[in-house]
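> Got entry20.txt for you, compact mmCIF, N, CA and C atoms:
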```txt
# COMPACT_ATOMS: atom_id res chain seq x y z
N MET A 19 17.26 10.78 -10.50
CA MET A 19 16.23 10.19 -11.32
C MET A 19 15.80 11.14 -12.43
N SER A 20 16.76 11.77 -13.04
CA SER A 20 16.42 12.72 -14.10
C SER A 20 15.81 12.02 -15.31
N PHE A 21 16.22 10.78 -15.57
CA PHE A 21 15.62 10.06 -16.70
C PHE A 21 14.12 9.90 -16.49
N ALA A 22 13.70 9.61 -15.27
CA ALA A 22 12.28 9.40 -14.99
C ALA A 22 11.46 10.65 -15.25
N ARG A 23 12.09 11.82 -15.23
CA ARG A 23 11.39 13.07 -15.49
C ARG A 23 11.36 13.43 -16.97
N SER A 24 12.11 12.71 -17.79
CA SER A 24 12.19 13.05 -19.21
C SER A 24 10.87 12.74 -19.91
N GLY A 25 10.64 13.43 -21.00
CA GLY A 25 9.43 13.21 -21.78
C GLY A 25 9.36 11.79 -22.33
N PHE A 26 10.52 11.25 -22.75
CA PHE A 26 10.54 9.88 -23.28
C PHE A 26 10.12 8.89 -22.21
N ALA A 27 10.67 9.02 -21.01
CA ALA A 27 10.33 8.09 -19.93
C ALA A 27 8.86 8.19 -19.58
N GLN A 28 8.33 9.42 -19.53
CA GLN A 28 6.93 9.59 -19.20
C GLN A 28 6.03 8.98 -20.27
N PHE A 29 6.43 9.11 -21.55
CA PHE A 29 5.64 8.51 -22.62
C PHE A 29 5.69 6.99 -22.55
N ILE A 30 6.89 6.42 -22.42
CA ILE A 30 7.03 4.97 -22.46
C ILE A 30 6.33 4.31 -21.27
N ALA A 31 6.17 5.04 -20.16
CA ALA A 31 5.50 4.51 -18.98
C ALA A 31 3.98 4.77 -19.02
N SER A 32 3.53 5.57 -20.00
CA SER A 32 2.11 5.89 -20.09
C SER A 32 1.35 4.72 -20.73
N GLY A 33 0.04 4.82 -20.73
CA GLY A 33 -0.79 3.79 -21.34
C GLY A 33 -0.46 3.55 -22.81
N PRO A 34 -0.38 4.62 -23.62
CA PRO A 34 -0.02 4.41 -25.03
C PRO A 34 1.38 3.82 -25.21
N GLY A 35 2.32 4.20 -24.38
CA GLY A 35 3.67 3.64 -24.47
C GLY A 35 3.70 2.16 -24.14
N ARG A 36 2.93 1.79 -23.13
CA ARG A 36 2.83 0.37 -22.79
C ARG A 36 2.17 -0.41 -23.91
N LEU A 37 1.14 0.15 -24.52
CA LEU A 37 0.46 -0.51 -25.62
C LEU A 37 1.40 -0.71 -26.81
N ILE A 38 2.22 0.28 -27.11
CA ILE A 38 3.20 0.16 -28.19
C ILE A 38 4.17 -0.98 -27.91
N ARG A 39 4.65 -1.09 -26.67
CA ARG A 39 5.58 -2.18 -26.33
C ARG A 39 4.90 -3.54 -26.45
N ILE A 40 3.65 -3.63 -26.04
CA ILE A 40 2.92 -4.90 -26.14
C ILE A 40 2.73 -5.29 -27.60
N VAL A 41 2.32 -4.33 -28.42
CA VAL A 41 2.10 -4.60 -29.84
C VAL A 41 3.42 -4.97 -30.52
N ALA A 42 4.50 -4.26 -30.18
CA ALA A 42 5.81 -4.57 -30.77
C ALA A 42 6.24 -5.99 -30.39
N GLY A 43 6.05 -6.36 -29.13
CA GLY A 43 6.40 -7.71 -28.69
C GLY A 43 5.59 -8.77 -29.42
N LEU A 44 4.28 -8.54 -29.53
CA LEU A 44 3.43 -9.49 -30.25
C LEU A 44 3.82 -9.56 -31.72
N GLY A 45 4.18 -8.42 -32.30
CA GLY A 45 4.60 -8.41 -33.69
C GLY A 45 5.87 -9.22 -33.91
N LEU A 46 6.85 -9.06 -33.02
CA LEU A 46 8.08 -9.83 -33.14
C LEU A 46 7.83 -11.33 -32.96
N ILE A 47 6.97 -11.66 -32.01
CA ILE A 47 6.64 -13.07 -31.79
C ILE A 47 5.93 -13.64 -33.02
N GLY A 48 4.96 -12.90 -33.54
CA GLY A 48 4.25 -13.36 -34.73
C GLY A 48 5.15 -13.49 -35.94
N TRP A 49 6.05 -12.54 -36.11
CA TRP A 49 6.98 -12.57 -37.24
C TRP A 49 7.90 -13.79 -37.12
N GLY A 50 8.43 -14.01 -35.93
CA GLY A 50 9.30 -15.15 -35.72
C GLY A 50 8.59 -16.47 -35.93
N TYR A 51 7.33 -16.53 -35.51
CA TYR A 51 6.56 -17.77 -35.64
C TYR A 51 6.19 -18.06 -37.09
N SER A 52 5.78 -17.04 -37.82
CA SER A 52 5.22 -17.30 -39.14
C SER A 52 6.21 -17.17 -40.29
N LEU A 53 7.20 -16.31 -40.16
CA LEU A 53 8.04 -16.03 -41.31
C LEU A 53 9.44 -16.64 -41.26
N LEU A 54 9.94 -16.89 -40.09
CA LEU A 54 11.32 -17.34 -39.98
C LEU A 54 11.39 -18.73 -39.35
N PRO A 55 11.70 -19.74 -40.14
CA PRO A 55 11.77 -21.11 -39.60
C PRO A 55 13.05 -21.33 -38.80
N GLY A 56 13.01 -22.29 -37.93
CA GLY A 56 14.21 -22.74 -37.23
C GLY A 56 14.64 -21.84 -36.09
N VAL A 57 15.93 -21.82 -35.88
CA VAL A 57 16.52 -21.11 -34.74
C VAL A 57 16.28 -19.60 -34.83
N THR A 58 16.36 -19.04 -36.02
CA THR A 58 16.17 -17.60 -36.18
C THR A 58 14.80 -17.17 -35.70
N GLY A 59 13.79 -17.91 -36.08
CA GLY A 59 12.44 -17.60 -35.63
C GLY A 59 12.28 -17.75 -34.13
N GLY A 60 12.90 -18.77 -33.57
CA GLY A 60 12.85 -18.97 -32.12
C GLY A 60 13.51 -17.84 -31.36
N VAL A 61 14.65 -17.38 -31.87
CA VAL A 61 15.34 -16.25 -31.23
C VAL A 61 14.49 -14.99 -31.32
N LEU A 62 13.89 -14.75 -32.47
CA LEU A 62 13.05 -13.58 -32.64
C LEU A 62 11.83 -13.63 -31.72
N MET A 63 11.24 -14.80 -31.56
CA MET A 63 10.12 -14.94 -30.63
C MET A 63 10.56 -14.68 -29.19
N ALA A 64 11.74 -15.17 -28.82
CA ALA A 64 12.25 -14.93 -27.47
C ALA A 64 12.52 -13.45 -27.24
N VAL A 65 13.08 -12.78 -28.24
CA VAL A 65 13.32 -11.34 -28.14
C VAL A 65 11.99 -10.60 -28.01
N GLY A 66 10.96 -11.05 -28.70
CA GLY A 66 9.65 -10.42 -28.62
C GLY A 66 9.02 -10.52 -27.25
N LEU A 67 9.41 -11.52 -26.48
CA LEU A 67 8.88 -11.65 -25.11
C LEU A 67 9.31 -10.50 -24.21
N VAL A 68 10.47 -9.90 -24.50
CA VAL A 68 10.98 -8.82 -23.64
C VAL A 68 10.06 -7.61 -23.66
N PRO A 69 9.78 -6.98 -24.82
CA PRO A 69 8.88 -5.83 -24.78
C PRO A 69 7.45 -6.21 -24.39
N LEU A 70 7.02 -7.42 -24.74
CA LEU A 70 5.68 -7.86 -24.35
C LEU A 70 5.56 -7.92 -22.83
N ALA A 71 6.50 -8.57 -22.17
CA ALA A 71 6.47 -8.68 -20.71
C ALA A 71 6.64 -7.31 -20.05
N ALA A 72 7.52 -6.48 -20.60
CA ALA A 72 7.73 -5.16 -20.02
C ALA A 72 6.44 -4.34 -20.08
N GLY A 73 5.73 -4.41 -21.19
CA GLY A 73 4.48 -3.68 -21.30
C GLY A 73 3.40 -4.24 -20.40
N LEU A 74 3.30 -5.55 -20.33
CA LEU A 74 2.27 -6.17 -19.50
C LEU A 74 2.49 -5.94 -18.00
N PHE A 75 3.76 -5.94 -17.58
CA PHE A 75 4.06 -5.82 -16.16
C PHE A 75 4.46 -4.40 -15.75
N ASP A 76 4.26 -3.42 -16.65
CA ASP A 76 4.53 -2.01 -16.39
C ASP A 76 5.97 -1.77 -15.94
N LEU A 77 6.91 -2.28 -16.74
CA LEU A 77 8.33 -2.11 -16.46
C LEU A 77 8.98 -1.36 -17.61
N CYS A 78 9.99 -0.57 -17.29
CA CYS A 78 10.80 0.09 -18.31
C CYS A 78 12.22 -0.40 -18.13
N LEU A 79 12.65 -1.33 -18.96
CA LEU A 79 13.95 -1.97 -18.80
C LEU A 79 15.10 -1.04 -19.12
N LEU A 80 14.86 0.01 -19.88
CA LEU A 80 15.90 0.98 -20.22
C LEU A 80 16.17 1.94 -19.06
N SER A 81 15.18 2.22 -18.26
CA SER A 81 15.29 3.21 -17.20
C SER A 81 16.42 2.95 -16.19
N PRO A 82 16.58 1.73 -15.66
CA PRO A 82 17.66 1.51 -14.69
C PRO A 82 19.05 1.74 -15.29
N LEU A 83 19.18 1.48 -16.59
CA LEU A 83 20.47 1.71 -17.24
C LEU A 83 20.80 3.20 -17.32
N LEU A 84 19.78 4.04 -17.25
CA LEU A 84 19.97 5.48 -17.35
C LEU A 84 19.73 6.19 -16.02
N GLY A 85 19.72 5.43 -14.94
CA GLY A 85 19.61 6.01 -13.60
C GLY A 85 18.21 6.22 -13.09
N GLY A 86 17.21 5.62 -13.71
CA GLY A 86 15.83 5.77 -13.26
C GLY A 86 15.31 4.48 -12.64
N PRO A 87 14.05 4.51 -12.19
CA PRO A 87 13.46 3.31 -11.59
C PRO A 87 12.99 2.32 -12.66
N LEU A 88 12.85 1.08 -12.28
CA LEU A 88 12.36 0.03 -13.18
C LEU A 88 10.85 0.10 -13.37
N SER A 89 10.15 0.47 -12.34
CA SER A 89 8.69 0.47 -12.33
C SER A 89 8.10 1.64 -13.10
N GLY A 90 7.14 1.35 -13.96
CA GLY A 90 6.43 2.41 -14.67
C GLY A 90 5.68 3.32 -13.73
N ARG A 91 5.13 2.78 -12.67
CA ARG A 91 4.40 3.58 -11.69
C ARG A 91 5.34 4.61 -11.04
N ARG A 92 6.55 4.19 -10.72
CA ARG A 92 7.51 5.12 -10.11
C ARG A 92 7.97 6.17 -11.12
N ILE A 93 8.07 5.80 -12.38
CA ILE A 93 8.44 6.78 -13.41
C ILE A 93 7.34 7.84 -13.52
N ARG A 94 6.09 7.39 -13.57
CA ARG A 94 4.98 8.36 -13.66
C ARG A 94 4.90 9.25 -12.44
N ALA A 95 5.32 8.74 -11.28
CA ALA A 95 5.29 9.55 -10.05
C ALA A 95 6.35 10.66 -10.09
N ASN A 96 7.37 10.53 -10.93
CA ASN A 96 8.42 11.53 -11.04
C ASN A 96 8.16 12.55 -12.14
N ARG A 97 6.91 12.71 -12.50
CA ARG A 97 6.53 13.63 -13.56
C ARG A 97 7.00 15.05 -13.23
N ARG A 98 7.40 15.77 -14.27
CA ARG A 98 7.79 17.18 -14.07
C ARG A 98 6.63 17.97 -13.54
N ARG A 99 6.91 18.80 -12.60
CA ARG A 99 5.84 19.63 -12.00
C ARG A 99 6.05 21.06 -12.36
```
Would you mind writing the file out in structure tokens?

Amino acid sequence: MSFARSGFAQFIASGPGRLIRIVAGLGLIGWGYSLLPGVTGGVLMAVGLVPLAAGLFDLCLLSPLLGGPLSGRRIRANRRR
């Protein structure tokens, strides 16, 4: 679980990191809704749901791909000591 100990993982699982993911998701959803008509806007809104949900549910979707846990709580528990 070396990824969970990295500074990036600790930041992305922290409160500010979660807030950034939520804001990014809302931004993508808003952009897709207001600026891009048709299928492109719908796809952008669907893509925006991913970081929004990850931030709201305290998940780091990149972590399992790099050998770490999915849960933000478990990432924070692996903090460097």
> Kindly give the distance, in Å, that separates atom C of Leu62 of chain A and atom CA of Leu79 of chain A, rounded to a single decimal.
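According to the coordinates, atom C of Leu62 of chain A and atom CA of Leu79 of chain A are separated by 17.5 Å.
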> Can you check which residues of segment 24-78 of chain A DSSP gives as alpha helix (DSSP H) on the backbone and send them as a PyMOL selection string?
chain A and resi 25-31+33-52+56-74
> Looking at all atoms listed in the file, which of A:Cys78, A:Ile47, A:Leu70, A:Val57 is the one that sits closest to Ala31 of chain A?
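Closest residue, counting all atoms listed in the file: A:Cys78.
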> Would you pick out the contacts of Trp49 of chain A at 6.5 Å or less, using only N, CA and C atoms, so that residues sharing its chain but fewer than 5 positions from it are not included, and give the list as a PDB file with N, CA and C atoms, in the coordinates of the input?

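Heads up, here's the output in part.pdb:
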```pdb
ATOM      1  N   LEU A  44       4.280  -8.540 -29.530  1.00  0.00           N
ATOM      2  CA  LEU A  44       3.430  -9.490 -30.250  1.00  0.00           C
ATOM      3  C   LEU A  44       3.820  -9.560 -31.720  1.00  0.00           C
ATOM      4  N   LEU A  54       9.940 -16.890 -40.090  1.00  0.00           N
ATOM      5  CA  LEU A  54      11.320 -17.340 -39.980  1.00  0.00           C
ATOM      6  C   LEU A  54      11.390 -18.730 -39.350  1.00  0.00           C
ATOM      7  N   GLY A  59      13.790 -17.910 -36.080  1.00  0.00           N
ATOM      8  CA  GLY A  59      12.440 -17.600 -35.630  1.00  0.00           C
ATOM      9  C   GLY A  59      12.280 -17.750 -34.130  1.00  0.00           C
TER      10      GLY A  59
END
```
> Just give me the gap between atom C of Ser24 of chain A and atom C of Pro69 of chain A in Å, one decimal is fine.
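Distance reported for this atom pair: 19.8 Å.
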> What gap, in Å, lies between atom CA of Gly66 of chain A and atom CA of Gly86 of chain A?
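Rounded to one decimal, the two atoms are 23.2 Å apart.
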> Which residues, written as a list in words, have at least one atom at most 12 Å from Ser32 of chain A, with only C-alpha atoms counted and residues fewer than 4 positions away on the same chain left out?
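What passes the distance filter is Ala22, Gly25, Phe26, Ala27, Gln28, Arg36, Leu37, Ile38, Arg39, Gly73, Asp76, Leu77, Cys78, Ser89, Gly90, Arg91, Arg92, Ile93, Arg94, Ala95 and Arg97 of chain A.
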> For each of A:Gly35, A:Gly60, A:Gly48, A:Gly85, take the minimum atom-to-atom distance to Ala72 of chain A, counting only C-alpha atoms, then give the residue where this is smallest.
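Looking at the shortest contact to Ala72 of chain A, the residue is A:Gly35.
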